[in-house]
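K.L.:
For reference, the file model17.tsv (TSV, C-alpha atoms and all ligand atoms) is included below:
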```tsv
chain	number	residue	atom	x	y	z
A	1344	MET	CA	-10.45	-7.77	-20.87
A	1345	LYS	CA	-10.87	-8.25	-17.11
A	1346	LYS	CA	-7.98	-6.66	-15.18
A	1347	VAL	CA	-7.35	-8.05	-11.71
A	1348	LEU	CA	-5.88	-5.82	-9.00
A	1349	LEU	CA	-4.77	-6.78	-5.48
A	1350	VAL	CA	-4.82	-4.00	-2.89
A	1351	THR	CA	-3.08	-5.01	0.34
A	1352	GLY	CA	-4.71	-3.40	3.37
A	1353	GLY	CA	-7.75	-2.57	1.27
A	1354	SER	CA	-10.20	-2.54	4.15
A	1355	ARG	CA	-9.56	0.96	5.49
A	1356	GLY	CA	-7.94	4.31	4.76
A	1357	ILE	CA	-5.93	4.80	1.56
A	1358	GLY	CA	-6.31	1.15	0.54
A	1359	ALA	CA	-10.10	1.22	0.82
A	1360	GLN	CA	-10.38	4.40	-1.28
A	1361	THR	CA	-7.98	2.90	-3.85
A	1362	ALA	CA	-10.08	-0.28	-4.08
A	1363	LEU	CA	-13.28	1.75	-4.59
A	1364	LEU	CA	-11.79	4.06	-7.22
A	1365	ALA	CA	-9.98	1.26	-9.10
A	1366	ALA	CA	-13.21	-0.77	-9.23
A	1367	ALA	CA	-15.02	2.26	-10.65
A	1368	GLN	CA	-12.30	2.40	-13.33
A	1369	GLY	CA	-12.92	-1.22	-14.36
A	1370	TRP	CA	-10.54	-3.26	-12.20
A	1371	THR	CA	-11.68	-6.44	-10.51
A	1372	VAL	CA	-10.34	-5.90	-7.00
A	1373	ALA	CA	-9.03	-8.29	-4.34
A	1374	VAL	CA	-9.47	-6.39	-1.07
A	1375	ASN	CA	-6.92	-7.80	1.38
A	1376	TYR	CA	-7.27	-7.23	5.12
A	1377	ALA	CA	-5.69	-8.61	8.29
A	1378	HIS	CA	-8.30	-8.37	11.06
A	1379	ASN	CA	-11.14	-6.05	10.12
A	1380	GLU	CA	-13.40	-8.34	8.08
A	1381	ARG	CA	-16.41	-6.08	8.47
A	1382	ALA	CA	-14.59	-3.07	6.98
A	1383	ALA	CA	-13.23	-5.16	4.08
A	1384	GLN	CA	-16.69	-6.58	3.34
A	1385	GLU	CA	-18.16	-3.07	3.43
A	1386	VAL	CA	-15.68	-1.98	0.72
A	1387	VAL	CA	-16.60	-5.05	-1.35
A	1388	ASN	CA	-20.33	-4.39	-0.85
A	1389	GLN	CA	-19.93	-0.80	-2.05
A	1390	ILE	CA	-18.13	-2.05	-5.18
A	1391	LEU	CA	-20.78	-4.71	-5.86
A	1392	ALA	CA	-23.54	-2.10	-5.40
A	1393	GLN	CA	-21.91	-0.10	-8.23
A	1394	LYS	CA	-21.93	-3.23	-10.45
A	1395	GLY	CA	-18.19	-3.72	-9.96
A	1396	HIS	CA	-16.30	-6.92	-9.12
A	1397	ALA	CA	-14.47	-7.47	-5.83
A	1398	LEU	CA	-13.59	-10.07	-3.22
A	1399	ALA	CA	-12.36	-9.64	0.36
A	1400	ILE	CA	-9.41	-11.90	1.22
A	1401	GLN	CA	-8.00	-12.24	4.74
A	1402	ALA	CA	-4.22	-12.61	5.02
A	1403	ASP	CA	-1.83	-11.36	7.68
A	1404	LEU	CA	1.13	-10.13	5.63
A	1405	MET	CA	3.48	-10.61	8.58
A	1406	ASP	CA	3.30	-14.32	7.71
A	1407	PRO	CA	5.05	-15.28	4.42
A	1408	LEU	CA	2.88	-18.38	4.04
A	1409	GLN	CA	-0.26	-16.24	4.20
A	1410	ILE	CA	1.19	-14.01	1.46
A	1411	GLU	CA	1.59	-17.06	-0.79
A	1412	SER	CA	-1.95	-18.24	-0.11
A	1413	LEU	CA	-3.30	-14.73	-0.71
A	1414	PHE	CA	-1.88	-14.71	-4.24
A	1415	GLU	CA	-3.07	-18.29	-4.84
A	1416	ARG	CA	-6.62	-17.30	-3.88
A	1417	VAL	CA	-6.47	-14.34	-6.27
A	1418	ASP	CA	-5.35	-16.73	-9.05
A	1419	GLN	CA	-8.10	-19.22	-8.30
A	1420	GLU	CA	-11.01	-16.92	-7.56
A	1421	LEU	CA	-10.39	-13.82	-9.69
A	1422	GLY	CA	-7.93	-14.81	-12.45
A	1423	THR	CA	-4.65	-13.48	-13.82
A	1424	LEU	CA	-3.21	-10.68	-11.72
A	1425	SER	CA	-2.20	-7.53	-13.58
A	1426	GLY	CA	-2.03	-4.95	-10.77
A	1427	LEU	CA	-0.67	-4.80	-7.22
A	1428	VAL	CA	-0.95	-1.93	-4.76
A	1429	ASN	CA	1.48	-2.59	-1.90
A	1430	ASN	CA	-0.48	-0.42	0.51
A	1431	ALA	CA	-0.67	-2.18	3.88
A	1432	GLY	CA	1.67	-0.61	6.39
A	1433	ILE	CA	2.02	0.19	10.07
A	1434	VAL	CA	3.45	2.81	12.40
A	1435	ASP	CA	4.38	2.29	16.04
A	1436	GLN	CA	4.26	4.43	19.18
A	1437	SER	CA	6.42	7.58	19.17
A	1438	GLN	CA	9.91	6.75	20.41
A	1439	ARG	CA	13.48	7.88	19.88
A	1440	VAL	CA	15.93	5.51	18.23
A	1441	ASP	CA	17.75	5.02	21.54
A	1442	GLU	CA	14.52	3.55	22.98
A	1443	TYR	CA	13.73	1.01	20.24
A	1444	SER	CA	13.51	-2.70	21.06
A	1445	HIS	CA	14.66	-5.42	18.69
A	1446	GLU	CA	11.04	-6.65	18.58
A	1447	ARG	CA	9.78	-3.26	17.44
A	1448	LEU	CA	12.34	-3.04	14.64
A	1449	THR	CA	11.70	-6.59	13.48
A	1450	ARG	CA	7.93	-6.03	13.38
A	1451	MET	CA	8.31	-2.73	11.49
A	1452	MET	CA	10.69	-4.15	8.89
A	1453	ASN	CA	8.71	-7.38	8.46
A	1454	MET	CA	5.49	-5.50	7.82
A	1455	ASN	CA	6.68	-2.45	5.87
A	1456	VAL	CA	9.64	-3.94	3.95
A	1457	VAL	CA	9.69	-7.76	3.85
A	1458	ALA	CA	5.95	-8.11	3.17
A	1459	PRO	CA	5.85	-5.68	0.20
A	1460	PHE	CA	9.03	-7.29	-1.20
A	1461	LEU	CA	7.38	-10.73	-1.02
A	1462	CYS	CA	4.15	-9.37	-2.53
A	1463	ALA	CA	6.16	-7.78	-5.36
A	1464	LYS	CA	7.93	-11.12	-5.89
A	1465	GLU	CA	4.62	-12.99	-6.17
A	1466	ALA	CA	3.24	-10.32	-8.51
A	1467	VAL	CA	6.30	-10.39	-10.79
A	1468	LYS	CA	6.15	-14.20	-10.99
A	1469	ARG	CA	2.63	-13.84	-12.39
A	1470	MET	CA	2.98	-10.68	-14.52
A	1471	SER	CA	6.45	-10.91	-16.05
A	1472	GLN	CA	6.74	-11.81	-19.72
A	1473	ALA	CA	9.95	-13.62	-18.69
A	1474	HIS	CA	7.69	-15.98	-16.69
A	1475	GLY	CA	5.05	-16.31	-19.44
A	1476	GLY	CA	2.86	-13.48	-18.10
A	1477	LYS	CA	1.32	-10.55	-19.97
A	1478	GLY	CA	2.76	-7.69	-17.90
A	1479	GLY	CA	1.30	-5.50	-15.21
A	1480	VAL	CA	1.78	-2.62	-12.84
A	1481	ILE	CA	2.85	-2.26	-9.20
A	1482	VAL	CA	2.33	0.78	-6.99
A	1483	ASN	CA	4.10	0.91	-3.62
A	1484	VAL	CA	2.60	3.18	-0.97
A	1485	SER	CA	5.59	4.92	0.57
A	1486	SER	CA	5.68	8.12	2.65
A	1487	VAL	CA	7.35	11.52	2.65
A	1488	ALA	CA	8.74	10.29	5.98
A	1489	ALA	CA	11.40	8.58	3.83
A	1490	ARG	CA	12.94	12.01	3.19
A	1491	LEU	CA	11.77	13.85	6.35
A	1492	GLY	CA	13.16	11.17	8.71
A	1493	GLY	CA	10.42	10.89	11.34
A	1494	ALA	CA	12.64	12.20	14.15
A	1495	SER	CA	11.37	11.59	17.71
A	1496	GLN	CA	8.29	9.79	16.34
A	1497	TYR	CA	9.29	6.92	14.06
A	1498	VAL	CA	12.65	6.91	12.34
A	1499	ASP	CA	12.12	3.15	11.89
A	1500	TYR	CA	8.97	3.80	9.85
A	1501	ALA	CA	10.79	6.45	7.78
A	1502	ALA	CA	13.63	3.98	7.11
A	1503	SER	CA	11.15	1.28	6.09
A	1504	LYS	CA	9.60	3.63	3.52
A	1505	ALA	CA	13.06	4.58	2.19
A	1506	ALA	CA	13.63	0.85	1.66
A	1507	LEU	CA	10.31	0.64	-0.19
A	1508	ASP	CA	11.41	3.48	-2.49
A	1509	ALA	CA	14.62	1.54	-3.20
A	1510	LEU	CA	12.44	-1.44	-4.15
A	1511	THR	CA	10.55	0.81	-6.56
A	1512	ILE	CA	13.71	2.11	-8.20
A	1513	GLY	CA	15.55	-1.21	-8.42
A	1514	LEU	CA	12.63	-3.45	-9.38
A	1515	SER	CA	11.41	-0.97	-12.00
A	1516	LYS	CA	14.73	-1.42	-13.84
A	1517	GLU	CA	14.73	-5.22	-13.41
A	1518	VAL	CA	11.31	-5.67	-15.03
A	1519	ALA	CA	11.13	-2.75	-17.47
A	1520	ARG	CA	11.64	-5.08	-20.46
A	1521	GLU	CA	9.11	-7.56	-19.05
A	1522	ASN	CA	6.15	-5.16	-19.46
A	1523	ILE	CA	5.86	-4.29	-15.77
A	1524	ARG	CA	5.88	-0.75	-14.40
A	1525	VAL	CA	6.76	-0.10	-10.74
A	1526	ASN	CA	6.15	3.22	-8.99
A	1527	SER	CA	5.78	4.72	-5.51
A	1528	VAL	CA	3.25	7.18	-4.21
A	1529	SER	CA	4.55	9.18	-1.22
A	1530	PRO	CA	1.70	10.62	0.84
A	1531	GLY	CA	2.19	13.42	3.32
A	1532	LEU	CA	-0.12	13.69	6.34
A	1533	ILE	CA	-3.36	11.90	5.37
A	1534	ASP	CA	-6.52	11.72	7.48
A	1535	THR	CA	-6.87	8.00	8.29
A	1536	GLU	CA	-6.93	5.80	11.39
A	1537	ILE	CA	-3.19	5.00	11.17
A	1538	HIS	CA	-2.31	7.91	13.48
A	1539	ALA	CA	-4.54	6.62	16.30
A	1540	SER	CA	-2.98	3.19	15.86
A	1541	GLY	CA	0.39	4.81	16.63
A	1542	GLY	CA	-1.02	6.42	19.79
A	1543	LEU	CA	-1.54	9.89	18.26
A	1544	PRO	CA	-5.33	10.19	17.67
A	1545	ASN	CA	-5.10	14.01	17.44
A	1546	ARG	CA	-2.12	14.08	15.04
A	1547	ILE	CA	-4.16	15.50	12.14
A	1548	ARG	CA	-5.70	18.25	14.29
A	1549	ASP	CA	-2.36	19.10	15.92
A	1550	LEU	CA	-0.22	19.20	12.76
A	1551	SER	CA	-2.67	20.64	10.20
A	1552	PRO	CA	-2.02	24.33	11.04
A	1553	GLN	CA	1.72	23.83	10.35
A	1554	LEU	CA	1.19	22.22	6.93
A	1555	PRO	CA	1.68	24.30	3.76
A	1556	PHE	CA	-2.00	23.78	2.76
A	1557	GLY	CA	-3.20	24.25	6.35
A	1558	ARG	CA	-4.89	20.85	6.14
A	1559	ALA	CA	-4.14	17.14	5.86
A	1560	GLY	CA	-4.82	15.22	2.66
A	1561	THR	CA	-7.64	12.75	2.18
A	1562	ALA	CA	-7.36	9.07	1.39
A	1563	THR	CA	-9.23	9.79	-1.85
A	1564	GLU	CA	-6.58	12.31	-2.94
A	1565	VAL	CA	-3.91	9.62	-2.55
A	1566	ALA	CA	-6.09	6.97	-4.24
A	1567	GLN	CA	-6.45	9.22	-7.29
A	1568	ALA	CA	-2.67	9.35	-7.71
A	1569	ILE	CA	-2.36	5.57	-7.21
A	1570	CYS	CA	-5.07	4.89	-9.80
A	1571	TRP	CA	-3.41	7.22	-12.28
A	1572	LEU	CA	-0.14	5.31	-11.91
A	1573	LEU	CA	-2.09	2.06	-12.38
A	1574	SER	CA	-3.63	3.39	-15.58
A	1575	GLU	CA	-2.33	3.42	-19.15
A	1576	SER	CA	-2.17	7.23	-18.85
A	1577	ALA	CA	1.06	6.60	-16.89
A	1578	SER	CA	2.48	4.27	-19.55
A	1579	TYR	CA	5.96	5.88	-19.53
A	1580	CYS	CA	6.15	6.28	-15.74
A	1581	SER	CA	8.24	3.67	-13.98
A	1582	GLY	CA	10.71	4.05	-11.12
A	1583	THR	CA	8.81	7.24	-10.24
A	1584	ILE	CA	8.25	8.42	-6.67
A	1585	LEU	CA	5.19	10.66	-6.77
A	1586	ASP	CA	4.64	12.93	-3.75
A	1587	VAL	CA	1.03	13.50	-2.72
A	1588	SER	CA	1.98	15.72	0.17
A	1589	GLY	CA	0.46	19.17	-0.29
A	1590	ALA	CA	3.87	20.85	-0.75
A	1591	ARG	CA	5.22	19.31	2.44
A	1601	LIG	P1	-4.79	2.50	8.01
A	1601	LIG	O1	-5.97	3.41	7.89
A	1601	LIG	O2	-4.22	2.21	9.35
A	1601	LIG	O3	-5.13	1.13	7.26
A	1601	LIG	C1	-4.17	0.10	7.29
A	1601	LIG	C2	-4.60	-1.04	6.40
A	1601	LIG	O4	-3.55	-2.02	6.41
A	1601	LIG	C3	-5.86	-1.74	6.89
A	1601	LIG	O5	-6.59	-2.16	5.76
A	1601	LIG	C4	-5.31	-2.92	7.66
A	1601	LIG	O6	-6.18	-4.05	7.69
A	1601	LIG	C5	-4.08	-3.27	6.81
A	1601	LIG	N1	-3.08	-4.01	7.58
A	1601	LIG	C6	-2.45	-3.68	8.73
A	1601	LIG	N2	-1.65	-4.67	9.14
A	1601	LIG	C7	-1.78	-5.67	8.23
A	1601	LIG	C8	-1.23	-6.97	8.10
A	1601	LIG	N3	-0.36	-7.47	9.03
A	1601	LIG	N4	-1.58	-7.71	7.03
A	1601	LIG	C9	-2.47	-7.25	6.12
A	1601	LIG	N5	-3.02	-6.01	6.18
A	1601	LIG	C10	-2.69	-5.24	7.23
A	1601	LIG	O7	-3.56	3.06	7.15
A	1601	LIG	P2	-3.47	4.20	6.01
A	1601	LIG	O8	-3.23	5.50	6.67
A	1601	LIG	O9	-4.55	4.07	5.01
A	1601	LIG	O10	-2.05	3.79	5.36
A	1601	LIG	C11	-1.94	3.02	4.18
A	1601	LIG	C12	-0.51	3.14	3.69
A	1601	LIG	O11	-0.20	4.52	3.47
A	1601	LIG	C13	0.52	2.62	4.69
A	1601	LIG	O12	1.55	1.93	4.01
A	1601	LIG	C14	1.06	3.90	5.31
A	1601	LIG	O13	2.38	3.74	5.79
A	1601	LIG	C15	0.99	4.85	4.14
A	1601	LIG	N6	0.98	6.27	4.51
A	1601	LIG	C16	-0.02	6.77	5.27
A	1601	LIG	C17	0.02	8.11	5.62
A	1601	LIG	C18	-1.04	8.75	6.47
A	1601	LIG	O14	-0.84	9.90	6.95
A	1601	LIG	N7	-2.19	8.12	6.69
A	1601	LIG	C19	1.08	8.92	5.19
A	1601	LIG	C20	2.08	8.36	4.41
A	1601	LIG	C21	2.02	7.03	4.07
A	1601	LIG	P3	-7.28	-4.26	8.88
A	1601	LIG	O15	-8.43	-3.33	8.55
A	1601	LIG	O16	-7.69	-5.68	8.79
A	1601	LIG	O17	-6.62	-3.88	10.16
```
What does this structure look like when you write it as structure tokens?
Ligand code: NAP
P.N.:
Amino acid sequence: MKKVLLVTGGSRGIGAQTALLAAAQGWTVAVNYAHNERAAQEVVNQILAQKGHALAIQADLMDPLQIESLFERVDQELGTLSGLVNNAGIVDQSQRVDEYSHERLTRMMNMNVVAPFLCAKEAVKRMSQAHGGKGGVIVNVSSVAARLGGASQYVDYAASKAALDALTIGLSKEVARENIRVNSVSPGLIDTEIHASGGLPNRIRDLSPQLPFGRAGTATEVAQAICWLLSESASYCSGTILDVSGAR
């Protein structure tokens, strides 16, 4: 049976590697992106070249109406959703809490908390046996920042990921009897473009020597954990927060 997976922020970094690996494991993948159409299409092209099934879908998750239309396009163009990876997320420039603006906090919480909540809501409406669905699986991409705190860089980001972990724990209990599993993956420092987007292009180089492994993780190493949680091999895992942090 065709299994349909939506990966938010599937155009780059951890989301792109998750889309590629999930497609190789038999999922039909909706590759969501906000701005970088070329990167999203490149992920789709790689999947198609391996005889997989995928579609790039633009939607800015800061806009609730675009979230609704994203799920409607998945319904119409790919079929019944049975997997969601709530991956898209942002950081901001390094600041202390006493420097934050209201705009910064609103943007951070809208993107990293409200959007994944709304995506989870749309997914549950389609997957839940209580709504006539067949079940499914949700993986939220959190961060070890939720327990480290992000001091002097981004406490707001850390707090947003702690909220995402609370979504994992609470929602997993709400839908456990409706054949839906909900888990978090908590990456440590991973080599992607997110650090440059927060104004720290050398963050990997600068922090790697201090890490327990002496190196950052790769997006593929996180994708492997996400795809395991998506798989039937994780059939008794729900409400789990799985660190992929190299002992950090
Ligand atoms: P990334 O390389 O910066 O990629 C971000 C992805 O999110 C892109 O596909 C981007 O789409 C998409 N995106 C951004 N804003 C969006 C919006 N408004 N609507 C829809 N999509 C949007 O990030 P990453 O490092 O792979 O991070 C992925 C997740 O892992 C995030 O939740 C992040 O917090 C988490 N994480 C990362 C690390 C790390 O060290 N890298 C560590 C812990 C947790 P476009 O290509 O269109 O811009």
K.L.:
Would you name the residues within 6 Å of ligand LIG 1601 (chain A), counting only C-alpha atoms and all ligand atoms, and put them as a PDB file with C-alpha atoms, in the coordinates of the input?
P.N.:
```pdb
ATOM      1  CA  THR A1351      -3.080  -5.010   0.340  1.00  0.00           C
ATOM      2  CA  GLY A1352      -4.710  -3.400   3.370  1.00  0.00           C
ATOM      3  CA  GLY A1353      -7.750  -2.570   1.270  1.00  0.00           C
ATOM      4  CA  SER A1354     -10.200  -2.540   4.150  1.00  0.00           C
ATOM      5  CA  ARG A1355      -9.560   0.960   5.490  1.00  0.00           C
ATOM      6  CA  GLY A1356      -7.940   4.310   4.760  1.00  0.00           C
ATOM      7  CA  ILE A1357      -5.930   4.800   1.560  1.00  0.00           C
ATOM      8  CA  GLY A1358      -6.310   1.150   0.540  1.00  0.00           C
ATOM      9  CA  TYR A1376      -7.270  -7.230   5.120  1.00  0.00           C
ATOM     10  CA  ALA A1377      -5.690  -8.610   8.290  1.00  0.00           C
ATOM     11  CA  HIS A1378      -8.300  -8.370  11.060  1.00  0.00           C
ATOM     12  CA  ASN A1379     -11.140  -6.050  10.120  1.00  0.00           C
ATOM     13  CA  ALA A1402      -4.220 -12.610   5.020  1.00  0.00           C
ATOM     14  CA  ASP A1403      -1.830 -11.360   7.680  1.00  0.00           C
ATOM     15  CA  LEU A1404       1.130 -10.130   5.630  1.00  0.00           C
ATOM     16  CA  MET A1405       3.480 -10.610   8.580  1.00  0.00           C
ATOM     17  CA  ASN A1430      -0.480  -0.420   0.510  1.00  0.00           C
ATOM     18  CA  ALA A1431      -0.670  -2.180   3.880  1.00  0.00           C
ATOM     19  CA  GLY A1432       1.670  -0.610   6.390  1.00  0.00           C
ATOM     20  CA  ILE A1433       2.020   0.190  10.070  1.00  0.00           C
ATOM     21  CA  VAL A1484       2.600   3.180  -0.970  1.00  0.00           C
ATOM     22  CA  SER A1485       5.590   4.920   0.570  1.00  0.00           C
ATOM     23  CA  SER A1486       5.680   8.120   2.650  1.00  0.00           C
ATOM     24  CA  PRO A1530       1.700  10.620   0.840  1.00  0.00           C
ATOM     25  CA  GLY A1531       2.190  13.420   3.320  1.00  0.00           C
ATOM     26  CA  LEU A1532      -0.120  13.690   6.340  1.00  0.00           C
ATOM     27  CA  ILE A1533      -3.360  11.900   5.370  1.00  0.00           C
ATOM     28  CA  ASP A1534      -6.520  11.720   7.480  1.00  0.00           C
ATOM     29  CA  THR A1535      -6.870   8.000   8.290  1.00  0.00           C
ATOM     30  CA  GLU A1536      -6.930   5.800  11.390  1.00  0.00           C
ATOM     31  CA  ILE A1537      -3.190   5.000  11.170  1.00  0.00           C
TER      32      ILE A1537
END
```
K.L.:
Restricting the calculation to only C-alpha atoms: of A:Ala1373, A:Ala1365, A:Val1434, A:Ala1577, which residue gets closest to A:Gly1541?
P.N.:
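Looking only at the distances to A:Gly1541, the closest residue turns out to be A:Val1434.
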K.L.:
I need the residue nearest A:Arg1558 from this list: A:Val1386, A:Leu1572, A:Ala1359, A:Ala1590. Use only C-alpha atoms for the distance.
P.N.:
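Among the listed residues, A:Ala1590 lies closest to A:Arg1558.
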K.L.:
A:Leu1461: which residues within 9 Å, counting only C-alpha atoms, same-chain residues fewer than 5 positions away excluded, as a PDB file with C-alpha atoms, in the coordinates of the input?
P.N.:
```pdb
ATOM      1  CA  PRO A1407       5.050 -15.280   4.420  1.00  0.00           C
ATOM      2  CA  ILE A1410       1.190 -14.010   1.460  1.00  0.00           C
ATOM      3  CA  GLU A1411       1.590 -17.060  -0.790  1.00  0.00           C
ATOM      4  CA  VAL A1456       9.640  -3.940   3.950  1.00  0.00           C
ATOM      5  CA  ALA A1466       3.240 -10.320  -8.510  1.00  0.00           C
TER       6      ALA A1466
END
```
K.L.:
Measuring between all atoms listed in the file, which one of A:Ala1367, A:Leu1491, A:Ala1506, A:Leu1413 shows the shortest distance to A:Gln1393?
P.N.:
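Going through A:Ala1367, A:Leu1491, A:Ala1506, A:Leu1413 one by one, the smallest distance to A:Gln1393 is for A:Ala1367.
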K.L.:
Report as a count of residues only all protein, DNA and RNA residues lying within 12 Å of A:Ser1578, evaluated on all atoms listed in the file, omitting residues in the same chain fewer than 3 positions from it.
P.N.:
16
K.L.:
Have a look at A:Gln1389, A:Arg1450, A:Gln1438, A:Arg1591 and name the one nearest to A:Arg1490; count only C-alpha atoms.
P.N.:
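Once distances to A:Arg1490 are computed over only C-alpha atoms, the minimum belongs to A:Arg1591.
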K.L.:
Ranking A:Ile1390, A:Asp1406, A:Gly1422, A:Glu1385 by minimum distance to A:Lys1346 and counting all atoms listed in the file, which one comes first?
P.N.:
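Checking each candidate against A:Lys1346, we get A:Gly1422 as the closest.
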K.L.:
Report as a list in words all protein, DNA and RNA residues lying within 10 Å of A:Cys1570, evaluated on all atoms listed in the file, omitting residues in the same chain fewer than 4 positions from it.
P.N.:
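Listing them by chain and then by number gives Thr1361, Ala1362, Leu1364, Ala1365, Ala1366, Gln1368, Val1428, Val1482, Val1565, Ala1566, Ser1574, Glu1575, Ser1576 and Ala1577 of chain A.
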K.L.:
One number please: atom CA of A:Arg1548 to atom CA of A:Gly1589, in Å, one decimal.
P.N.:
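Atom CA of A:Gly1589 lies at a distance of 15.9 Å from atom CA of A:Arg1548.
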K.L.:
At what distance in Å, to one decimal, does atom CA of A:Tyr1497 lie from atom CA of A:Glu1442?
P.N.:
10.9 Å
K.L.:
Please list, as an mmCIF file with C-alpha atoms, keeping the file's coordinate frame, the residues that have an atom at most 12 Å away from (-14.4, -16.0, -11.7) in the coordinates of this file, counting all atoms listed in the file.
P.N.:
```
data_model
loop_
_atom_site.group_PDB
_atom_site.id
_atom_site.type_symbol
_atom_site.label_atom_id
_atom_site.label_comp_id
_atom_site.auth_asym_id
_atom_site.auth_seq_id
_atom_site.Cartn_x
_atom_site.Cartn_y
_atom_site.Cartn_z
ATOM 1 C CA LYS A 1345 -10.870 -8.250 -17.110
ATOM 2 C CA LYS A 1346 -7.980 -6.660 -15.180
ATOM 3 C CA VAL A 1347 -7.350 -8.050 -11.710
ATOM 4 C CA THR A 1371 -11.680 -6.440 -10.510
ATOM 5 C CA VAL A 1372 -10.340 -5.900 -7.000
ATOM 6 C CA ALA A 1373 -9.030 -8.290 -4.340
ATOM 7 C CA HIS A 1396 -16.300 -6.920 -9.120
ATOM 8 C CA ALA A 1397 -14.470 -7.470 -5.830
ATOM 9 C CA LEU A 1398 -13.590 -10.070 -3.220
ATOM 10 C CA ARG A 1416 -6.620 -17.300 -3.880
ATOM 11 C CA VAL A 1417 -6.470 -14.340 -6.270
ATOM 12 C CA ASP A 1418 -5.350 -16.730 -9.050
ATOM 13 C CA GLN A 1419 -8.100 -19.220 -8.300
ATOM 14 C CA GLU A 1420 -11.010 -16.920 -7.560
ATOM 15 C CA LEU A 1421 -10.390 -13.820 -9.690
ATOM 16 C CA GLY A 1422 -7.930 -14.810 -12.450
ATOM 17 C CA THR A 1423 -4.650 -13.480 -13.820
#
```
K.L.:
Give the answer as one residue: which of A:Cys1462, A:Ala1559, A:Ile1584, A:Val1498 has the shortest atom-to-atom distance to A:Arg1447, using only C-alpha atoms?
P.N.:
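The answer is A:Val1498, which sits nearest to A:Arg1447.
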K.L.:
Between atom CA of A:Phe1556 and atom CA of A:Ile1569, what distance in Å does the model show, to one decimal?
P.N.:
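Spanning atom CA of A:Phe1556 to atom CA of A:Ile1569 is a straight-line distance of 20.8 Å.
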K.L.:
List the neighbours of A:Ala1539 out to 10 Å using all atoms listed in the file; skip same-chain residues closer than 5 positions along the sequence, and give me the result as a list in words.
P.N.:
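These residues fall inside the cut-off: Val1434, Asp1435, Gln1436, Pro1544, Asn1545, Arg1546 and Ile1547 of chain A.
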K.L.:
Write the selection just made, keeping C-alpha atoms, as an mmCIF file, in the coordinates of the input?
P.N.:
```cif
data_model
loop_
_atom_site.group_PDB
_atom_site.id
_atom_site.type_symbol
_atom_site.label_atom_id
_atom_site.label_comp_id
_atom_site.auth_asym_id
_atom_site.auth_seq_id
_atom_site.Cartn_x
_atom_site.Cartn_y
_atom_site.Cartn_z
ATOM 1 C CA VAL A 1434 3.450 2.810 12.400
ATOM 2 C CA ASP A 1435 4.380 2.290 16.040
ATOM 3 C CA GLN A 1436 4.260 4.430 19.180
ATOM 4 C CA PRO A 1544 -5.330 10.190 17.670
ATOM 5 C CA ASN A 1545 -5.100 14.010 17.440
ATOM 6 C CA ARG A 1546 -2.120 14.080 15.040
ATOM 7 C CA ILE A 1547 -4.160 15.500 12.140
#
```
